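Asks: Attaching a single structure in structure tokens format; questions to follow.
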Amino acid sequence: MTRAAQNIRQTGTKFGHLHIVFRDWQAVNSDSASAYSALFDIEASRDASTRNQIRYDVLQAFQSVQVWLFEAPVDKVGKGGKNGFIGQ
């Protein structure tokens with residue numbers, strides 16, 4: 001999408017809102033802000049120039065970027081059924 005955004009002759013953001021969803025998030029002592037920072041904070045190393053450019057392009061292409069962290073939907077899926085499925 002960032003490559004497509006570079007080919008659009010429009011000033012400002014090219015796309016709407018980007019939602020990044022992590023399902024079954026289990027990292028201790030982390031939140032969506034720290035995940036956002038891990039993804040989009042600029043790295044200082046010389047080897048990171050390509051990754052930093054991608055970060056910049058994504059942030060410029062989208063109106064906003066939101067990171068969502070979801071825990072596993074249930075503790076034990078299908079705990080009442082045969083073969084892990086309810087109703088069998």
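Ligands are numbered from 1 in the order shown, chains are lettered A, B, ... in the order of the structure tokens, and residues start at 1 in each chain.
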Using only C-alpha atoms, which residues sit within 7 Å of Leu18 of chain A once same-chain residues fewer than 6 positions away are excluded, as a list of chain:residue names?

Replies: A:Phe62, A:Ser64, A:Val65, A:Gln66

Asks: What is the distance between atom CA of Leu59 of chain A and atom CA of Ala72 of chain A, in Å to one decimal?

Replies: 28.4 Å

Asks: Find the residues near Tyr36 of chain A: any atom within 9 Å, counting only C-alpha atoms, skip ones fewer than 3 places away on the same chain, and give them as a PyMOL selection string.

Replies: chain A and resi 31-33+39-41+65-67

Asks: Could you check which of A:Ala44, A:Ala38, A:Leu69, A:Val58 is closest to Gly16 of chain A, using only C-alpha atoms?

Replies: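 Checking each of A:Ala44, A:Ala38, A:Leu69, A:Val58 against Gly16 of chain A, counting only C-alpha atoms, the winner is A:Val58.
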
Asks: Can you pull out every residue from segment 31-72 of chain A that DSSP, working from the backbone, puts in helix (DSSP H, G or I), and format the result as a PyMOL selection string?

Replies: chain A and resi 32-40+46-61

Asks: Calculate how many Å separate atom CA of Val21 of chain A from atom CA of Arg51 of chain A, rounding to one decimal.

Replies: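 About the pair atom CA of Val21 of chain A and atom CA of Arg51 of chain A: they are 19.9 Å apart.
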
Asks: Tell me which protein, DNA and RNA residues are within 9 Å of Gly12 of chain A, counting only C-alpha atoms, leaving out same-chain ones fewer than 3 positions away, and put them as a list in words.

Replies: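 My list of contacting residues is Gln60, Ala61, Phe62 and Gln63 of chain A.
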
Asks: Atoms to include: N, CA and C atoms. Write the selected residues as a PDB file, in the first residue's frame.

Replies:
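Generated output (out_35.pdb):
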ATOM      1  N   GLN A  60       3.074   8.296   6.776  1.00  0.00           N
ATOM      2  CA  GLN A  60       2.654   9.357   5.869  1.00  0.00           C
ATOM      3  C   GLN A  60       1.437   8.956   5.028  1.00  0.00           C
ATOM      4  N   ALA A  61       1.315   7.674   4.722  1.00  0.00           N
ATOM      5  CA  ALA A  61       0.250   7.202   3.837  1.00  0.00           C
ATOM      6  C   ALA A  61      -1.100   7.096   4.526  1.00  0.00           C
ATOM      7  N   PHE A  62      -1.105   6.871   5.842  1.00  0.00           N
ATOM      8  CA  PHE A  62      -2.358   6.648   6.554  1.00  0.00           C
ATOM      9  C   PHE A  62      -2.714   7.840   7.425  1.00  0.00           C
ATOM     10  N   GLN A  63      -4.012   8.062   7.525  1.00  0.00           N
ATOM     11  CA  GLN A  63      -4.516   9.162   8.340  1.00  0.00           C
ATOM     12  C   GLN A  63      -4.152   8.957   9.810  1.00  0.00           C
TER      13      GLN A  63
END

Asks: Have a look at A:Arg23, A:Ile54, A:Ser49, A:Asn29 and name the one nearest to Trp68 of chain A; count only C-alpha atoms.

Replies: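 Under the stated criterion, the closest residue is A:Arg23.
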
Asks: How many Å lie between atom CA of Trp25 of chain A and atom CA of Ser37 of chain A, rounded to one decimal?

Replies: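 Computing the Euclidean distance for atom CA of Trp25 of chain A and atom CA of Ser37 of chain A yields 15.9 Å.
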
Asks: Just checking: using only C-alpha atoms, which residue out of A:Glu43, A:Ser34, A:Asp57, A:Val74 ends up closest to Phe15 of chain A?

Replies: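 When distances to Phe15 of chain A are compared using only C-alpha atoms, the smallest one comes from A:Asp57.
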